[in-house]
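Have a look at work27.cif; it's mmCIF, C-alpha atoms:
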```cif
data_upload
#
loop_
_atom_site.label_atom_id
_atom_site.label_comp_id
_atom_site.auth_asym_id
_atom_site.auth_seq_id
_atom_site.Cartn_x
_atom_site.Cartn_y
_atom_site.Cartn_z
CA GLU A 127 0.95 32.76 -27.88
CA ALA A 128 4.28 34.24 -26.93
CA ALA A 129 4.46 37.52 -25.04
CA GLY A 130 4.08 40.49 -27.36
CA GLU A 131 2.81 38.27 -30.19
CA ALA A 132 -0.40 39.22 -32.00
CA PRO A 133 -3.32 36.89 -31.24
CA ARG A 134 -3.80 34.12 -33.77
CA ARG A 135 -7.20 34.30 -35.35
CA PRO A 136 -8.28 30.89 -36.60
CA ARG A 137 -9.46 30.71 -40.21
CA LEU A 138 -10.74 27.89 -42.36
CA MET A 139 -8.48 26.68 -45.14
CA SER A 140 -9.91 27.10 -48.61
CA ALA A 141 -8.08 24.12 -50.15
CA ASP A 142 -10.25 21.23 -51.28
CA GLN A 143 -9.27 18.36 -48.98
CA SER A 144 -10.89 15.27 -47.56
CA ASN A 145 -10.69 16.80 -44.06
CA SER A 146 -11.37 20.30 -42.71
CA GLY A 147 -8.36 22.49 -42.03
CA VAL A 148 -8.20 25.41 -39.62
CA LEU A 149 -5.17 27.73 -39.66
CA SER A 150 -4.01 29.36 -36.46
CA GLY A 151 -2.07 32.44 -37.48
CA ASP A 152 0.92 31.42 -39.55
CA ARG A 153 2.19 28.71 -37.19
CA PHE A 154 -0.27 25.81 -36.98
CA MET A 155 -2.88 23.94 -38.97
CA LEU A 156 -5.52 21.83 -37.24
CA GLN A 157 -6.80 19.07 -39.49
CA VAL A 158 -10.24 18.01 -38.27
CA LEU A 159 -11.10 14.53 -39.52
CA ARG A 160 -14.49 14.03 -41.14
CA ALA A 161 -14.52 10.24 -40.78
CA ILE A 162 -13.89 9.11 -37.20
CA GLU A 163 -12.94 5.51 -36.46
CA GLU A 164 -11.78 3.81 -33.31
CA GLY A 165 -8.02 3.95 -32.97
CA PRO A 166 -5.40 6.41 -34.14
CA SER A 167 -5.79 7.89 -37.63
CA LEU A 168 -3.29 7.39 -40.41
CA GLU A 169 -2.50 11.14 -40.29
CA TYR A 170 -1.59 10.83 -36.60
CA GLU A 171 0.43 7.61 -37.00
CA VAL A 172 2.48 9.01 -39.89
CA GLY A 173 2.98 12.40 -38.20
CA LYS A 174 4.04 10.75 -34.95
CA CYS A 175 6.51 8.43 -36.71
CA LEU A 176 8.07 11.28 -38.70
CA ALA A 177 8.33 13.51 -35.61
CA GLU A 178 9.95 10.73 -33.54
CA LYS A 179 12.55 10.21 -36.27
CA ASN A 180 13.12 13.98 -36.76
CA PHE A 181 12.17 13.90 -40.44
CA ARG A 182 12.15 17.53 -41.64
CA GLY A 183 10.76 16.95 -45.13
CA SER A 184 7.16 17.48 -44.01
CA PRO A 185 5.31 19.63 -41.46
CA ARG A 186 5.92 18.48 -37.87
CA LEU A 187 3.16 17.02 -35.74
CA ALA A 188 2.46 19.42 -32.87
CA GLY A 189 -0.46 17.62 -31.22
CA VAL A 190 -3.48 15.40 -31.52
CA LEU A 191 -7.14 15.80 -30.54
CA GLU A 192 -8.61 12.49 -29.34
CA TYR A 193 -11.87 11.12 -28.01
CA ARG A 194 -11.66 8.36 -25.42
CA ALA A 195 -14.79 6.32 -24.81
CA PRO A 196 -14.77 4.08 -21.74
CA GLU A 197 -13.07 0.73 -22.43
CA ARG A 198 -12.38 1.69 -26.06
CA GLU A 199 -9.26 2.68 -27.93
CA ALA A 200 -8.85 6.46 -28.37
CA SER A 201 -10.15 7.84 -31.68
CA THR A 202 -8.38 10.66 -33.48
CA LEU A 203 -10.63 13.68 -34.03
CA GLY A 204 -7.90 15.96 -35.35
CA THR A 205 -4.20 16.51 -35.77
CA LEU A 206 -2.26 19.71 -35.24
CA PHE A 207 0.71 20.28 -37.54
CA GLU A 208 3.12 23.15 -37.97
CA PHE A 209 1.97 25.31 -40.86
CA VAL A 210 4.38 25.72 -43.74
CA PRO A 211 3.48 28.68 -45.97
CA ASN A 212 3.39 27.66 -49.60
CA GLN A 213 2.18 28.67 -53.02
CA GLY A 214 0.14 25.55 -53.71
CA ASP A 215 0.55 21.82 -53.89
CA ALA A 216 2.15 19.30 -56.23
CA TRP A 217 -1.19 18.41 -57.79
CA ARG A 218 -1.88 22.01 -58.87
CA LEU A 219 1.76 22.40 -59.97
CA SER A 220 1.42 19.26 -62.11
CA LEU A 221 -1.86 20.34 -63.71
CA ASP A 222 -0.50 23.80 -64.51
CA SER A 223 2.72 22.30 -65.90
CA LEU A 224 0.72 19.89 -68.04
CA ASP A 225 -1.24 22.82 -69.49
CA ARG A 226 1.99 24.67 -70.28
CA TYR A 227 3.47 21.49 -71.80
CA PHE A 228 0.59 21.02 -74.23
CA ASP A 229 0.65 24.72 -75.12
CA ALA A 230 4.41 24.48 -75.83
CA VAL A 231 4.04 21.30 -77.90
CA LEU A 232 1.18 22.72 -79.96
CA ALA A 233 3.03 26.01 -80.52
CA ASP A 234 6.28 24.30 -81.59
CA THR A 235 6.43 24.43 -85.40
CA ARG A 236 9.41 22.04 -85.35
CA ARG A 237 7.61 19.27 -83.47
CA PRO A 238 7.69 15.84 -85.09
CA GLY A 239 4.53 14.05 -86.22
CA GLU A 240 5.19 11.41 -83.58
CA PRO A 241 6.20 12.10 -79.98
CA PRO A 242 9.84 11.25 -79.18
CA ILE A 243 9.62 7.86 -77.44
CA GLY A 244 12.71 6.01 -76.25
CA GLN A 245 13.45 2.33 -76.67
CA GLY A 246 12.69 -0.46 -74.21
CA SER A 247 10.03 -1.10 -71.58
CA LEU A 248 8.25 1.68 -69.72
CA VAL A 249 10.56 1.14 -66.71
CA GLN A 250 13.66 1.26 -68.92
CA ARG A 251 12.44 4.43 -70.65
CA ALA A 252 11.70 6.03 -67.25
CA ARG A 253 15.37 5.56 -66.37
CA GLN A 254 16.54 7.33 -69.54
CA PRO A 255 16.93 11.12 -69.63
CA PRO A 256 14.19 12.85 -71.61
CA ASP A 257 14.83 14.10 -75.13
CA ASP A 258 16.05 17.75 -75.27
CA ARG A 259 12.83 18.84 -77.00
CA VAL A 260 10.77 17.29 -74.21
CA ILE A 261 12.85 19.13 -71.60
CA ASP A 262 12.25 22.39 -73.51
CA TRP A 263 8.50 21.70 -73.56
CA ILE A 264 8.31 20.65 -69.90
CA GLY A 265 10.54 23.41 -68.53
CA THR A 266 11.35 23.64 -64.80
CA TYR A 267 8.74 21.03 -63.92
CA VAL A 268 11.36 18.30 -64.54
CA ASP A 269 13.53 19.59 -61.68
CA ARG A 270 10.59 20.20 -59.35
CA ILE A 271 9.07 16.78 -59.85
CA ARG A 272 12.51 15.13 -59.50
CA LEU A 273 12.87 16.87 -56.11
CA LEU A 274 9.38 15.75 -55.13
CA GLY A 275 10.33 12.17 -56.03
CA MET A 276 13.49 12.40 -53.94
CA ARG A 277 11.60 13.79 -50.92
CA THR A 278 8.93 11.09 -51.30
CA ALA A 279 11.64 8.40 -51.36
CA GLU A 280 13.27 9.91 -48.24
CA LEU A 281 9.89 9.89 -46.48
CA HIS A 282 9.34 6.22 -47.30
CA VAL A 283 12.84 5.30 -46.13
CA VAL A 284 12.09 6.92 -42.76
CA LEU A 285 8.64 5.31 -42.47
CA SER A 286 10.04 1.84 -43.21
CA SER A 287 13.21 2.23 -41.10
CA ASP A 288 11.96 0.23 -38.10
CA PRO A 289 11.30 -3.40 -39.09
CA ASN A 290 9.64 -4.01 -35.71
CA ASP A 291 7.01 -1.28 -36.08
CA PRO A 292 3.81 -3.14 -37.04
CA VAL A 293 2.26 0.00 -38.56
CA PHE A 294 5.09 0.61 -41.03
CA ALA A 295 6.89 -2.75 -41.30
CA VAL A 296 7.93 -3.56 -44.85
CA ASP A 297 6.34 -6.62 -46.42
CA LYS A 298 9.30 -7.78 -48.53
CA LYS A 299 7.30 -10.54 -50.22
CA SER A 300 4.75 -8.03 -51.56
CA ILE A 301 7.52 -5.73 -52.76
CA ALA A 302 9.33 -8.59 -54.52
CA LYS A 303 6.09 -9.53 -56.35
CA ALA A 304 5.54 -5.92 -57.47
CA LEU A 305 9.02 -5.40 -58.93
CA PRO A 306 9.66 -6.25 -62.57
#
```
Turn the structure described in the file into structure tokens.
Amino acid sequence: EAAGEAPRRPRLMSADQSNSGVLSGDRFMLQVLRAIEEGPSLEYEVGKCLAEKNFRGSPRLAGVLEYRAPEREASTLGTLFEFVPNQGDAWRLSLDSLDRYFDAVLADTRRPGEPPIGQGSLVQRARQPPDDRVIDWIGTYVDRIRLLGMRTAELHVVLSSDPNDPVFAVDKKSIAKALP
């Protein structure tokens, strides 16, 4: 704690997650792992990679809590990340937006009997802009989810940027098989 700063009282996070989170004031979140395995955790590996490459699209890794047994690889017990105040997560945003979408569709007296579906394959339709009525029904969610997609793409570009990193090296053969 900095001089003159109020003490940070730790508190448990109330979000439903696969690990336990402890907030320290409004600056840090300690994620305590529930399943411990030998070696670094995925949370630590990803956080370390993003911090080393100065990626600012996610909370920065501030530290790691490890257990070192004799003659064994260190196991991650927890990771400490900067805390970014927020109003929820993308999952809750999506569920709430889906509720509003169905309410808007059901309340629209001008809605067609069939949903407006574009031509072509699912991939081709995904590349087409949505119908104006759909945009009216979806609202601001379109822009928010587009931004989330862009940030997710940026994150993956950073994670795959070092072809010599065995943890994040891109398997081009697998990608080529997955593409249409």
Using only C-alpha atoms, which residues sit within 9 Å of Val210 in chain A once same-chain residues fewer than 4 positions away are excluded, as a VMD selection string? chain A and resid 152 to 155 184 to 185
Have a look at CA of Thr202 in chain A and CA of Ser150 in chain A and let me know their distance in Å, one decimal. 19.4 Å
Name the residues captured by the PyMOL selection byres ((chain A and resi 160) around 6) when it is applied to the shown file; answer as a VMD selection string. chain A and resid 145 159 161
What does the file look like for those residues with C-alpha atoms, as a tab-separated table (two decimals), in the frame of the given file?
```tsv
chain	number	residue	atom	x	y	z
A	145	ASN	CA	-10.69	16.80	-44.06
A	159	LEU	CA	-11.10	14.53	-39.52
A	161	ALA	CA	-14.52	10.24	-40.78
```
Please indicate the distance in Å from CA of Gly183 in chain A to CA of Gly165 in chain A, rounded to one decimal place. 25.9 Å
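Every polymer residue reaching to within 7 Å of (-7.6, 33.8, -40.2), counting all atoms listed in the file, appears in this list: Arg135, Pro136, Arg137, Leu149, Ser150 and Gly151 of chain A.
Remark: for Leu281 in chain A, the closest of the candidate residues A:Leu224, A:Cys175, A:Leu203, A:Ile261 is A:Cys175 (distances computed over all atoms listed in the file).
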Protein and nucleic acid residues near (-1.8, 11.9, -43.4) (cut-off 12 Å, only C-alpha atoms) as a VMD selection string: chain A and resid 143 to 145 157 to 159 166 to 176 184 to 187 202 204 to 207
For C-alpha atoms, I'd like the residues from the last selection saved as a CSV table (one decimal), keeping the file's coordinate frame.
```
chain,number,residue,atom,x,y,z
A,143,GLN,CA,-9.3,18.4,-49.0
A,144,SER,CA,-10.9,15.3,-47.6
A,145,ASN,CA,-10.7,16.8,-44.1
A,157,GLN,CA,-6.8,19.1,-39.5
A,158,VAL,CA,-10.2,18.0,-38.3
A,159,LEU,CA,-11.1,14.5,-39.5
A,166,PRO,CA,-5.4,6.4,-34.1
A,167,SER,CA,-5.8,7.9,-37.6
A,168,LEU,CA,-3.3,7.4,-40.4
A,169,GLU,CA,-2.5,11.1,-40.3
A,170,TYR,CA,-1.6,10.8,-36.6
A,171,GLU,CA,0.4,7.6,-37.0
A,172,VAL,CA,2.5,9.0,-39.9
A,173,GLY,CA,3.0,12.4,-38.2
A,174,LYS,CA,4.0,10.8,-35.0
A,175,CYS,CA,6.5,8.4,-36.7
A,176,LEU,CA,8.1,11.3,-38.7
A,184,SER,CA,7.2,17.5,-44.0
A,185,PRO,CA,5.3,19.6,-41.5
A,186,ARG,CA,5.9,18.5,-37.9
A,187,LEU,CA,3.2,17.0,-35.7
A,202,THR,CA,-8.4,10.7,-33.5
A,204,GLY,CA,-7.9,16.0,-35.4
A,205,THR,CA,-4.2,16.5,-35.8
A,206,LEU,CA,-2.3,19.7,-35.2
A,207,PHE,CA,0.7,20.3,-37.5
```
Got a sec: who's within 8 Å of Glu164 in chain A, counting all atoms listed in the file, leaving out chain neighbours fewer than 6 positions off, as a ChimeraX atom specification? /A:198-202
Might you pull out every residue within 12 Å of range 225-236 of chain A, with only C-alpha atoms counted and same-chain residues fewer than 2 positions away left off, and present them as a compact mmCIF listing (two decimals) with C-alpha atoms, in the frame of the given file?
```
# COMPACT_ATOMS: atom_id res chain seq x y z
CA ARG A 218 -1.88 22.01 -58.87
CA LEU A 219 1.76 22.40 -59.97
CA SER A 220 1.42 19.26 -62.11
CA LEU A 221 -1.86 20.34 -63.71
CA ASP A 222 -0.50 23.80 -64.51
CA SER A 223 2.72 22.30 -65.90
CA PRO A 238 7.69 15.84 -85.09
CA GLY A 239 4.53 14.05 -86.22
CA GLU A 240 5.19 11.41 -83.58
CA PRO A 241 6.20 12.10 -79.98
CA PRO A 242 9.84 11.25 -79.18
CA ARG A 259 12.83 18.84 -77.00
CA VAL A 260 10.77 17.29 -74.21
CA ILE A 261 12.85 19.13 -71.60
CA ASP A 262 12.25 22.39 -73.51
CA TRP A 263 8.50 21.70 -73.56
CA ILE A 264 8.31 20.65 -69.90
CA GLY A 265 10.54 23.41 -68.53
CA THR A 266 11.35 23.64 -64.80
CA TYR A 267 8.74 21.03 -63.92
CA VAL A 268 11.36 18.30 -64.54
```
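Using all atoms listed in the file, the shortest contact distance between Val284 in chain A and any of A:Val148, A:Ile243, A:Pro211, A:Val296 is found at A:Val296.
Using the PyMOL selection byres ((chain A and resi 244) around 12) on this structure selects A:Glu240, A:Pro241, A:Pro242, A:Ile243, A:Gln245, A:Gly246, A:Ser247, A:Leu248, A:Val249, A:Gln250, A:Arg251, A:Ala252, A:Arg253, A:Gln254, A:Pro255, A:Pro256, A:Asp257, A:Val260.
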Range 299-303 of chain A, all listed atoms, 4 Å padding on each side: what axis-aligned box centre and edge lengths in Å to one decimal come out, as lines of an AutoDock Vina configuration file?
```
center_x = 7.0
center_y = -8.1
center_z = -53.3
size_x = 12.6
size_y = 12.8
size_z = 14.1
```
Quick one: pull the distance between CA of Leu138 in chain A and CA of Glu208 in chain A, Å, one decimal. 15.3 Å
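If only C-alpha atoms are the atoms counted, then among A:Arg182, A:Asn212, A:Leu156, A:Met139 the closest residue to Arg277 in chain A is A:Arg182.
Closest approach to Leu274 in chain A from the set A:Phe209, A:Tyr193, A:Phe181, A:Trp217 is made by A:Trp217, with distances taken over only C-alpha atoms.
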